[in-house]
>>> print(open('start.cif').read())   # mmCIF, C-alpha atoms
data_target
#
loop_
_atom_site.label_atom_id
_atom_site.label_comp_id
_atom_site.auth_asym_id
_atom_site.auth_seq_id
_atom_site.Cartn_x
_atom_site.Cartn_y
_atom_site.Cartn_z
CA MET A 1 82.12 129.82 121.56
CA HIS A 2 79.91 132.54 123.01
CA SER A 3 76.95 130.18 123.12
CA SER A 4 78.74 127.75 125.41
CA THR A 5 80.28 130.20 127.79
CA SER A 6 77.11 132.20 128.36
CA ALA A 7 75.28 129.10 129.51
CA ILE A 8 77.30 128.62 132.69
CA PRO A 9 74.93 128.52 135.68
CA SER A 10 75.35 131.07 138.42
CA VAL A 11 73.09 129.46 141.01
CA GLY A 12 74.19 126.68 143.36
CA ASP A 13 77.54 125.93 141.71
CA ALA A 14 78.67 129.54 141.99
CA ARG A 15 79.55 128.97 145.62
CA ARG A 16 81.94 126.22 144.62
CA GLU A 17 83.44 127.59 141.38
CA ALA A 18 85.49 130.73 140.82
CA PRO A 19 84.44 132.86 137.85
CA ILE A 20 86.09 132.09 134.53
CA THR A 21 88.26 134.98 133.39
CA ALA A 22 88.59 136.41 129.87
CA LEU A 23 92.24 135.32 129.91
CA GLU A 24 91.24 131.71 130.59
CA ILE A 25 88.68 131.83 127.79
CA GLY A 26 91.38 133.16 125.47
CA MET A 27 93.70 130.31 126.42
CA PHE A 28 90.89 127.83 125.84
CA LEU A 29 90.44 129.30 122.36
CA VAL A 30 94.12 128.56 121.71
CA LEU A 31 93.49 124.94 122.70
CA LEU A 32 90.49 124.81 120.37
CA ALA A 33 92.66 126.17 117.56
CA SER A 34 95.17 123.39 118.17
CA TYR A 35 92.33 120.88 117.96
CA ALA A 36 91.27 122.42 114.62
CA LEU A 37 94.77 121.50 113.40
CA ASN A 38 94.16 117.97 114.69
CA ALA A 39 91.01 117.89 112.51
CA MET A 40 92.93 119.11 109.44
CA ASP A 41 95.46 116.35 110.01
CA ARG A 42 92.74 113.69 110.13
CA GLN A 43 91.06 114.89 106.94
CA ILE A 44 94.18 114.85 104.79
CA PHE A 45 94.81 111.12 104.27
CA PRO A 46 91.32 110.24 102.96
CA LEU A 47 91.78 113.07 100.45
CA ILE A 48 95.13 111.70 99.19
CA ALA A 49 94.15 108.01 99.53
CA ALA A 50 93.44 107.57 95.81
CA ASP A 51 96.90 108.98 94.95
CA VAL A 52 98.59 106.74 97.52
CA ARG A 53 96.65 103.75 96.18
CA ARG A 54 97.84 104.45 92.64
CA GLU A 55 101.48 104.89 93.60
CA PHE A 56 101.77 101.83 95.84
CA GLY A 57 99.15 99.58 94.18
CA PHE A 58 97.13 99.03 97.39
CA GLY A 59 93.74 97.29 97.24
CA LEU A 60 90.52 99.13 98.08
CA ALA A 61 90.12 97.45 101.49
CA ASP A 62 93.78 98.09 102.37
CA THR A 63 93.40 101.74 101.38
CA GLY A 64 90.33 101.96 103.60
CA LEU A 65 92.31 100.48 106.48
CA LEU A 66 95.04 103.07 106.01
CA SER A 67 92.44 105.82 106.01
CA THR A 68 90.95 104.81 109.35
CA ILE A 69 93.70 102.88 111.19
CA PHE A 70 94.63 106.05 113.08
CA THR A 71 91.46 105.50 115.09
CA LEU A 72 92.94 102.22 116.37
CA GLY A 73 95.74 104.33 117.79
CA MET A 74 93.09 106.55 119.35
CA ALA A 75 91.41 103.50 120.86
CA VAL A 76 94.66 102.14 122.27
CA ALA A 77 95.47 105.52 123.81
CA GLY A 78 92.02 106.45 125.12
CA VAL A 79 91.68 104.69 128.47
CA PRO A 80 95.41 104.83 129.38
CA THR A 81 95.34 108.57 128.68
CA GLY A 82 92.46 108.92 131.13
CA TYR A 83 94.62 107.29 133.80
CA LEU A 84 97.68 109.36 132.82
CA LEU A 85 95.64 112.49 133.45
CA ALA A 86 95.33 111.42 137.08
CA ARG A 87 99.14 111.38 137.39
CA LEU A 88 100.48 114.05 135.02
CA SER A 89 99.32 117.56 134.26
CA ARG A 90 96.81 117.96 131.45
CA LYS A 91 99.14 120.38 129.69
CA THR A 92 101.95 117.82 129.66
CA VAL A 93 99.73 115.08 128.22
CA LEU A 94 98.38 117.53 125.66
CA GLN A 95 101.86 118.52 124.43
CA ILE A 96 103.00 114.92 124.20
CA GLY A 97 99.91 114.09 122.16
CA ILE A 98 100.44 116.90 119.65
CA ALA A 99 104.12 115.89 119.24
CA ILE A 100 103.17 112.27 118.52
CA PHE A 101 100.52 112.96 115.89
CA SER A 102 102.63 115.63 114.18
CA ALA A 103 105.63 113.30 113.95
CA GLY A 104 103.42 110.50 112.62
CA THR A 105 102.05 112.80 109.92
CA LEU A 106 105.54 113.82 108.82
CA LEU A 107 106.79 110.24 108.73
CA THR A 108 103.81 109.10 106.61
CA ALA A 109 105.16 111.26 103.79
CA TYR A 110 108.39 109.20 103.84
CA SER A 111 106.77 105.75 103.93
CA HIS A 112 108.23 102.96 101.77
CA GLY A 113 105.20 100.68 101.74
CA PHE A 114 102.11 99.41 103.55
CA ALA A 115 103.86 98.13 106.69
CA ASP A 116 105.54 101.34 107.79
CA MET A 117 102.73 103.57 106.52
CA ILE A 118 100.13 101.79 108.66
CA LEU A 119 102.46 102.10 111.68
CA TYR A 120 102.80 105.86 111.21
CA ARG A 121 99.06 106.26 110.62
CA ALA A 122 98.28 104.38 113.84
CA ALA A 123 100.80 106.52 115.73
CA THR A 124 99.02 109.72 114.67
CA GLY A 125 95.87 108.37 116.31
CA ILE A 126 97.64 107.84 119.62
CA GLY A 127 98.64 111.48 119.74
CA GLU A 128 95.25 112.71 118.55
CA ALA A 129 93.49 110.72 121.28
CA MET A 130 95.72 112.18 123.95
CA GLN A 131 94.95 115.70 122.78
CA LEU A 132 91.21 115.07 122.40
CA THR A 133 90.87 113.47 125.83
CA VAL A 134 92.64 116.41 127.49
CA VAL A 135 90.60 119.07 125.70
CA ILE A 136 87.30 117.32 126.53
CA ALA A 137 88.36 116.98 130.17
CA ILE A 138 89.17 120.69 130.34
CA ALA A 139 85.85 121.63 128.73
CA ALA A 140 83.87 119.33 131.03
CA SER A 141 85.55 120.89 134.06
CA TYR A 142 84.73 124.41 132.93
CA PHE A 143 81.13 123.83 131.98
CA ALA A 144 80.06 121.11 134.40
CA ARG A 145 76.28 121.53 134.00
CA TYR A 146 76.45 122.08 130.24
CA ARG A 147 78.95 119.46 129.25
CA ALA A 148 77.40 118.55 125.90
CA THR A 149 77.42 122.20 124.87
CA ALA A 150 81.09 122.41 125.86
CA VAL A 151 81.90 119.31 123.81
CA GLY A 152 79.97 120.99 121.01
CA ALA A 153 82.40 123.91 121.17
CA ILE A 154 85.28 121.45 120.73
CA ASN A 155 83.58 119.83 117.76
CA PHE A 156 82.92 123.31 116.36
CA SER A 157 86.67 123.77 116.15
CA PHE A 158 86.86 120.36 114.46
CA GLY A 159 84.47 121.77 111.86
CA ILE A 160 86.88 124.61 111.14
CA GLY A 161 89.66 122.09 110.57
CA ALA A 162 87.37 119.88 108.47
CA ILE A 163 86.75 122.85 106.15
CA VAL A 164 90.28 124.22 105.93
CA GLY A 165 92.05 120.83 105.76
CA PRO A 166 90.47 119.44 102.55
CA LEU A 167 90.46 122.83 100.81
CA LEU A 168 94.11 123.52 101.57
CA GLY A 169 95.12 119.91 100.99
CA GLY A 170 93.29 119.74 97.66
CA HIS A 171 94.95 123.00 96.60
CA LEU A 172 98.42 121.76 97.55
CA ILE A 173 97.91 118.48 95.69
CA GLY A 174 96.54 120.25 92.62
CA ALA A 175 99.28 122.90 92.54
CA GLU A 176 102.29 120.63 93.14
CA ARG A 177 100.95 117.24 92.00
CA ASP A 178 102.51 115.78 95.13
CA TRP A 179 100.38 114.00 97.76
CA ARG A 180 103.23 114.28 100.29
CA LEU A 181 103.18 118.07 100.49
CA PRO A 182 100.01 118.39 102.65
CA LEU A 183 101.43 115.86 105.12
CA LEU A 184 104.62 117.86 105.48
CA ALA A 185 102.74 121.15 105.88
CA PHE A 186 100.36 119.94 108.59
CA GLY A 187 103.04 117.96 110.42
CA LEU A 188 105.24 121.02 110.79
CA ALA A 189 102.24 123.15 111.80
CA GLY A 190 101.67 120.79 114.74
CA PHE A 191 105.06 121.58 116.22
CA GLY A 192 104.26 125.27 115.81
CA ALA A 193 101.06 124.73 117.81
CA MET A 194 103.08 123.10 120.60
CA ALA A 195 105.28 126.15 120.86
CA LEU A 196 102.27 128.48 121.02
CA ILE A 197 100.61 126.45 123.78
CA ALA A 198 103.84 126.36 125.78
CA LEU A 199 104.05 130.15 125.61
CA VAL A 200 100.47 131.30 126.22
CA VAL A 201 98.48 128.53 127.97
CA SER A 202 98.75 128.47 131.76
CA ARG A 203 98.59 125.26 133.79
CA ARG A 204 96.36 127.09 136.25
CA MET A 205 93.74 127.06 133.50
CA THR A 206 94.34 123.56 132.10
CA GLU A 207 94.36 121.88 135.53
CA LYS A 208 91.11 123.39 136.80
CA VAL A 209 88.85 120.72 138.35
CA ALA A 210 85.06 120.77 138.17
CA ALA A 211 83.13 121.15 141.40
CA ALA A 212 81.65 117.85 142.58
CA GLY A 213 78.82 117.04 144.91
CA THR A 214 76.14 119.17 143.26
CA ARG A 215 72.56 117.95 143.26
CA ILE A 216 72.74 117.13 139.55
CA ASP A 217 76.06 115.31 139.87
CA GLU A 218 74.65 113.00 142.57
CA ARG A 219 72.44 111.29 139.98
CA GLY A 220 75.49 110.03 138.04
CA ALA A 221 76.88 106.54 138.64
CA THR A 222 79.63 106.13 141.23
CA ARG A 223 81.49 103.51 139.16
CA MET A 224 82.28 103.05 135.49
CA TRP A 225 80.54 99.67 135.21
CA ASN A 226 76.89 100.73 135.00
CA ARG A 227 73.92 100.17 132.68
CA ASN A 228 74.04 103.53 130.92
CA THR A 229 77.78 103.45 130.26
CA VAL A 230 77.50 99.94 128.80
CA LEU A 231 74.68 101.00 126.47
CA LEU A 232 76.49 104.19 125.47
CA THR A 233 79.59 102.11 124.77
CA GLY A 234 77.59 100.01 122.31
CA MET A 235 76.25 103.18 120.69
CA SER A 236 79.78 104.59 120.47
CA VAL A 237 80.94 101.47 118.62
CA ILE A 238 78.10 101.94 116.13
CA GLY A 239 78.89 105.65 115.90
CA GLY A 240 82.53 104.89 115.13
CA LEU A 241 81.64 102.45 112.34
CA CYS A 242 79.23 104.94 110.78
CA ILE A 243 81.30 108.12 111.19
CA TYR A 244 84.56 106.63 109.97
CA GLY A 245 82.92 104.58 107.25
CA TYR A 246 82.06 108.01 105.84
CA LEU A 247 85.22 109.94 106.74
CA GLY A 248 87.55 107.12 105.73
CA MET A 249 86.11 106.05 102.39
CA TYR A 250 83.58 108.63 101.18
CA PRO A 251 86.35 110.64 99.43
CA THR A 252 87.48 107.45 97.66
CA PHE A 253 83.85 106.77 96.67
CA LEU A 254 83.63 110.25 95.18
CA ARG A 255 86.91 110.00 93.28
CA GLU A 256 86.82 106.39 92.07
CA HIS A 257 83.09 105.67 91.72
CA LEU A 258 81.68 109.10 90.86
CA HIS A 259 84.94 110.24 89.19
CA TYR A 260 85.24 113.57 91.01
CA THR A 261 88.49 115.53 90.69
CA PRO A 262 90.67 116.00 93.82
CA ALA A 263 89.57 119.65 94.00
CA ASP A 264 85.85 118.79 93.74
CA THR A 265 86.28 116.03 96.33
CA GLY A 266 87.99 118.51 98.63
CA ARG A 267 85.12 120.98 98.20
CA VAL A 268 82.46 118.37 99.01
CA MET A 269 84.39 117.21 102.07
CA SER A 270 84.91 120.79 103.25
CA ILE A 271 81.14 121.36 103.13
CA PHE A 272 80.88 118.54 105.68
CA GLY A 273 82.82 120.86 107.98
CA PHE A 274 80.15 123.56 107.68
CA GLY A 275 77.63 121.05 109.02
CA VAL A 276 79.91 120.38 111.97
CA PHE A 277 79.48 124.06 112.90
CA ALA A 278 76.12 122.97 114.33
CA SER A 279 78.01 121.27 117.17
CA ILE A 280 77.34 123.95 119.78
CA PHE A 281 73.64 123.86 118.84
CA GLY A 282 73.77 120.04 118.91
CA GLY A 283 75.28 120.13 122.39
CA TRP A 284 72.56 122.56 123.50
CA LEU A 285 69.96 120.07 122.24
CA GLY A 286 71.61 117.38 124.37
CA ASP A 287 71.55 119.61 127.46
CA ARG A 288 67.98 120.78 126.85
CA PHE A 289 66.05 117.72 125.60
CA HIS A 290 65.61 114.11 126.63
CA PRO A 291 68.58 111.86 125.72
CA LYS A 292 66.36 109.22 124.13
CA LEU A 293 64.81 111.79 121.81
CA VAL A 294 68.14 113.36 120.83
CA LEU A 295 69.98 110.09 120.22
CA SER A 296 67.16 108.20 118.49
CA LEU A 297 66.52 111.03 116.01
CA SER A 298 70.27 111.35 115.41
CA PHE A 299 70.60 107.66 114.60
CA LEU A 300 67.53 107.85 112.37
CA GLY A 301 69.09 110.72 110.42
CA THR A 302 72.39 108.85 110.21
CA GLY A 303 70.75 105.80 108.65
CA LEU A 304 68.82 107.85 106.09
CA LEU A 305 71.86 109.88 105.06
CA GLY A 306 74.01 106.75 104.72
CA PHE A 307 71.51 105.33 102.25
CA LEU A 308 71.20 108.54 100.21
CA MET A 309 74.94 109.26 99.95
CA PHE A 310 75.91 105.86 98.58
CA SER A 311 72.69 104.99 96.71
CA GLY A 312 71.15 108.33 95.77
CA PRO A 313 71.82 111.09 93.19
CA THR A 314 75.41 111.48 92.06
CA GLY A 315 75.56 115.21 91.20
CA ILE A 316 78.06 117.37 93.03
CA GLY A 317 75.30 119.70 94.27
CA VAL A 318 73.26 116.92 95.88
CA GLN A 319 76.33 115.21 97.31
CA SER A 320 77.42 118.52 98.81
CA VAL A 321 74.04 118.94 100.50
CA LEU A 322 74.22 115.38 101.85
CA SER A 323 77.77 115.96 103.10
CA PHE A 324 76.62 119.10 104.90
CA ALA A 325 73.67 117.23 106.45
CA TRP A 326 76.03 114.44 107.57
CA GLY A 327 78.22 116.97 109.34
CA PHE A 328 75.18 118.55 110.99
CA VAL A 329 73.41 115.38 112.14
CA VAL A 330 76.18 112.86 112.70
CA SER A 331 79.13 114.97 113.84
CA GLY A 332 77.22 118.00 115.13
CA VAL A 333 74.55 116.14 117.11
CA LEU A 334 75.23 112.39 117.42
CA TYR A 335 78.98 112.52 118.12
CA VAL A 336 78.71 115.49 120.50
CA ASN A 337 75.96 113.93 122.57
CA LEU A 338 77.49 110.47 122.73
CA ALA A 339 80.52 112.16 124.30
CA GLY A 340 78.34 114.36 126.55
CA TYR A 341 76.13 111.51 127.79
CA HIS A 342 79.16 109.33 128.56
CA ILE A 343 80.27 112.07 130.96
CA LYS A 344 76.75 112.64 132.32
CA ALA A 345 76.35 108.92 133.06
CA VAL A 346 78.87 109.20 135.94
CA ARG A 347 79.88 111.53 138.78
CA ALA A 348 82.19 114.47 138.09
CA ALA A 349 85.12 112.63 139.71
CA LEU A 350 84.98 110.06 136.89
CA THR A 351 85.01 112.61 134.04
CA ASN A 352 88.52 111.75 132.81
CA ARG A 353 87.81 108.02 132.78
CA ALA A 354 84.42 108.45 131.09
CA THR A 355 86.07 110.53 128.38
CA GLY A 356 88.67 107.78 127.93
CA VAL A 357 85.97 105.13 127.51
CA PHE A 358 84.20 107.23 124.87
CA VAL A 359 87.40 107.85 122.92
CA THR A 360 88.46 104.20 123.11
CA THR A 361 85.16 102.69 121.98
CA LEU A 362 84.20 105.13 119.24
CA TYR A 363 87.64 105.36 117.69
CA GLY A 364 88.40 101.68 118.27
CA ALA A 365 85.43 100.76 116.09
CA GLY A 366 86.36 103.51 113.66
CA ALA A 367 89.78 101.93 113.11
CA PHE A 368 88.22 99.13 111.09
CA ALA A 369 85.36 101.10 109.58
CA GLY A 370 87.22 101.94 106.37
CA PHE A 371 88.47 98.36 105.94
CA ILE A 372 84.97 96.94 106.42
CA ILE A 373 83.09 99.35 104.17
CA GLY A 374 85.85 99.13 101.55
CA GLY A 375 85.69 95.32 101.62
CA ILE A 376 81.89 95.30 101.29
CA ALA A 377 82.07 97.84 98.45
CA ALA A 378 84.71 95.83 96.58
CA ARG A 379 82.53 92.71 96.69
CA PHE A 380 78.94 93.94 96.60
CA GLY A 381 79.13 97.59 95.51
CA TRP A 382 78.95 100.94 97.30
CA SER A 383 75.17 100.93 97.66
CA VAL A 384 75.16 97.70 99.68
CA ALA A 385 78.13 98.95 101.72
CA GLY A 386 76.26 102.09 102.77
CA ILE A 387 73.10 100.19 103.69
CA VAL A 388 74.88 97.50 105.71
CA GLN A 389 77.47 99.57 107.57
CA ILE A 390 75.50 102.76 108.11
CA THR A 391 71.74 102.34 107.69
CA LEU A 392 71.30 98.98 109.43
CA LEU A 393 73.74 99.77 112.24
CA ALA A 394 71.96 103.07 112.90
CA GLY A 395 68.77 101.06 113.44
CA VAL A 396 70.54 99.03 116.14
CA GLY A 397 71.63 102.31 117.72
CA ILE A 398 67.99 103.41 118.04
CA VAL A 399 67.15 100.18 119.91
CA LEU A 400 70.03 100.68 122.37
CA THR A 401 68.94 104.28 122.96
CA LEU A 402 65.52 103.16 124.14
CA LEU A 403 67.11 101.02 126.87
CA LEU A 404 68.84 103.94 128.67
CA ARG A 405 67.93 104.69 132.32
CA THR A 406 67.97 108.48 132.14
CA ASP A 407 66.83 108.85 135.76
CA ARG A 408 70.32 107.63 136.71
CA MET A 409 72.17 110.26 134.67
CA ALA A 410 73.46 113.67 135.75
CA LEU A 411 70.79 115.59 133.84
CA PRO A 412 68.74 118.72 134.62
CA ALA A 413 65.28 117.80 135.89
CA ARG A 414 63.57 118.75 132.62
CA SER A 415 65.78 116.33 130.65
CA ALA A 416 65.76 113.42 133.10
CA SER A 417 62.05 112.90 133.27
#
>>> encode(input="start.cif", output="structure tokens")
Amino acid sequence: MHSSTSAIPSVGDARREAPITALEIGMFLVLLASYALNAMDRQIFPLIAADVRREFGFGLADTGLLSTIFTLGMAVAGVPTGYLLARLSRKTVLQIGIAIFSAGTLLTAYSHGFADMILYRAATGIGEAMQLTVVIAIAASYFARYRATAVGAINFSFGIGAIVGPLLGGHLIGAERDWRLPLLAFGLAGFGAMALIALVVSRRMTEKVAAAGTRIDERGATRMWNRNTVLLTGMSVIGGLCIYGYLGMYPTFLREHLHYTPADTGRVMSIFGFGVFASIFGGWLGDRFHPKLVLSLSFLGTGLLGFLMFSGPTGIGVQSVLSFAWGFVVSGVLYVNLAGYHIKAVRAALTNRATGVFVTTLYGAGAFAGFIIGGIAARFGWSVAGIVQITLLAGVGIVLTLLLRTDRMALPARSAS
């Protein structure tokens, strides 16, 4: 967190923005902690998917859909949440979101079959999108000139959850032999987070609005329908298919194809979270270097890693290294900067809506990522699935990156040229 807060400019914008107090930073850390819980919640179902599949007799593609359908809920909620933020306080929307995804997690443990389980899984995504959109909007308002770095701080907290979630979930499954126990634990923890936010987080902090009208901000588009946002939307769709192809079905690949134990699978997935710790650094790269360079290299790394994970060496050591690299490149750099550049493509007044578009497109595509990669794997094998859904799509992402008009984005002079 210190890396993002120390980067706040003091020239030009200082006349328009009051200093950020230590108390506000502390409250923001509480919000980041609640988002870490969100990350733990997301990581649990892929870890227990093989157990759910055995108990209910679901097919591989159906299991993949259950693993990633929550992102459809995120897509459905994304843009409407952006509009809700214009009418309700951010704190209110945040609390509602946490309540929805916590209730959905609890209800998943009491599912009777595919129909109600998929409904609960989708509901968790609605709540998670509401929380994510609010936290990104708050971060973008605080750190207006260093928005990608601020988003990196959010994703850093996701990394903490991505480490703790699989480790704790794998331990609970192994100790009690009950896949429902992690769902109950994390669902109840969500309601605890709501109570903490209600007590310690002030609306004066959550409702702070970024200063508009700066020289940098004037380069952003004045409306949502613009060339850069359209291209970034396409890249977000590709990002969603790649990211959630991995997050949704990689644990199933490890358990069913490579025959890893639940504990070993949890360890490999938790190492992914250590890679996500690069998010603040990844955001700094997005603020410091040219968008085409950052995004094209990120997509290149994504494609290479997708090939190696599903077609390369099968040892736990190598797979752990690849999982770490995926967290670093894909979540720590690509995801963070797709979110950051969506915001930088428009004026500060459109921040909430730009965040909503990013959440909707990336998670909307992610909703079907597990179903698609699971279906390809069932018919053609895991190697082909990784090449088609990750490697080839990443190549398309590179092409879209080259078409950006960076002179029309709210970038520092050194990055826009």
>>> resolve_selection(input="start.cif", expression="the PyMOL selection byres ((chain A and resi 62-74) around 7)", output="number ranges by chain")
A: 45-46, 49, 53, 58-61, 75-78, 118, 121-126, 128-129, 244, 248-249, 359-360, 363-364, 366-371, 374
>>> resolve_selection(input="start.cif", expression="the PyMOL selection byres ((chain A and resi 389-402) around 6)", output="PyMOL selection string")
chain A and resi 235+242+292+296+299+303+306+385-388+403-404
>>> atom_distance(input="start.cif", atom1="CA of Ala162 in chain A", atom2="CA of Ala39 in chain A")
5.8 Å
>>> resolve_selection(input="start.cif", expression="the PyMOL selection byres ((chain A and resi 182) around 10)", output="list in words")
Met40, Asp41, Ile44, Phe45, Ile48, Thr105, Leu106, Ala109, Gly165, Pro166, Leu168, Gly169, Gly170, His171, Leu172, Ile173, Asp178, Trp179, Arg180, Leu181, Leu183, Leu184, Ala185, Phe186 and Gly187 of chain A
>>> residues_around(input="start.cif", residues="Ser279 in chain A", least_positions_apart="2", cutoff="12 Å", atoms="all atoms listed in the file", output="CSV table (one decimal) with C-alpha atoms, in the coordinates of the input")
chain,number,residue,atom,x,y,z
A,1,MET,CA,82.1,129.8,121.6
A,3,SER,CA,77.0,130.2,123.1
A,4,SER,CA,78.7,127.8,125.4
A,148,ALA,CA,77.4,118.6,125.9
A,149,THR,CA,77.4,122.2,124.9
A,150,ALA,CA,81.1,122.4,125.9
A,151,VAL,CA,81.9,119.3,123.8
A,152,GLY,CA,80.0,121.0,121.0
A,153,ALA,CA,82.4,123.9,121.2
A,154,ILE,CA,85.3,121.4,120.7
A,155,ASN,CA,83.6,119.8,117.8
A,156,PHE,CA,82.9,123.3,116.4
A,157,SER,CA,86.7,123.8,116.2
A,158,PHE,CA,86.9,120.4,114.5
A,159,GLY,CA,84.5,121.8,111.9
A,160,ILE,CA,86.9,124.6,111.1
A,273,GLY,CA,82.8,120.9,108.0
A,274,PHE,CA,80.2,123.6,107.7
A,275,GLY,CA,77.6,121.0,109.0
A,276,VAL,CA,79.9,120.4,112.0
A,277,PHE,CA,79.5,124.1,112.9
A,281,PHE,CA,73.6,123.9,118.8
A,282,GLY,CA,73.8,120.0,118.9
A,283,GLY,CA,75.3,120.1,122.4
A,284,TRP,CA,72.6,122.6,123.5
A,285,LEU,CA,70.0,120.1,122.2
A,286,GLY,CA,71.6,117.4,124.4
A,326,TRP,CA,76.0,114.4,107.6
A,327,GLY,CA,78.2,117.0,109.3
A,328,PHE,CA,75.2,118.6,111.0
A,329,VAL,CA,73.4,115.4,112.1
A,330,VAL,CA,76.2,112.9,112.7
A,331,SER,CA,79.1,115.0,113.8
A,332,GLY,CA,77.2,118.0,115.1
A,333,VAL,CA,74.6,116.1,117.1
A,334,LEU,CA,75.2,112.4,117.4
A,335,TYR,CA,79.0,112.5,118.1
A,336,VAL,CA,78.7,115.5,120.5
A,337,ASN,CA,76.0,113.9,122.6
A,339,ALA,CA,80.5,112.2,124.3
A,340,GLY,CA,78.3,114.4,126.6
>>> atom_distance(input="start.cif", atom1="CA of Asn228 in chain A", atom2="CA of Asp287 in chain A")
16.6 Å
>>> residues_around(input="start.cif", residues="Leu254 in chain A", least_positions_apart="4", cutoff="9 Å", atoms="all atoms listed in the file", output="PyMOL selection string")
chain A and resi 249-250+258-261+264-265+314
>>> atom_distance(input="start.cif", atom1="CA of Arg42 in chain A", atom2="CA of Leu247 in chain A")
9.1 Å
>>> residues_near_point(input="start.cif", point="(103.6, 119.9, 130.0)", cutoff="12 Å", atoms="all atoms listed in the file", output="list in words")
Leu85, Leu88, Ser89, Arg90, Lys91, Thr92, Val93, Leu94, Gln95, Ile96, Gly97, Ile98, Ala99, Val134, Met194, Ala195, Ile197, Ala198, Leu199, Val201, Ser202, Arg203, Arg204, Thr206 and Glu207 of chain A
>>> residues_around(input="start.cif", residues="Tyr341 in chain A", least_positions_apart="3", cutoff="8 Å", atoms="all atoms listed in the file", output="list in words")
Ala148, Leu232, Pro291, Asn337, Leu338, Lys344 and Ala345 of chain A
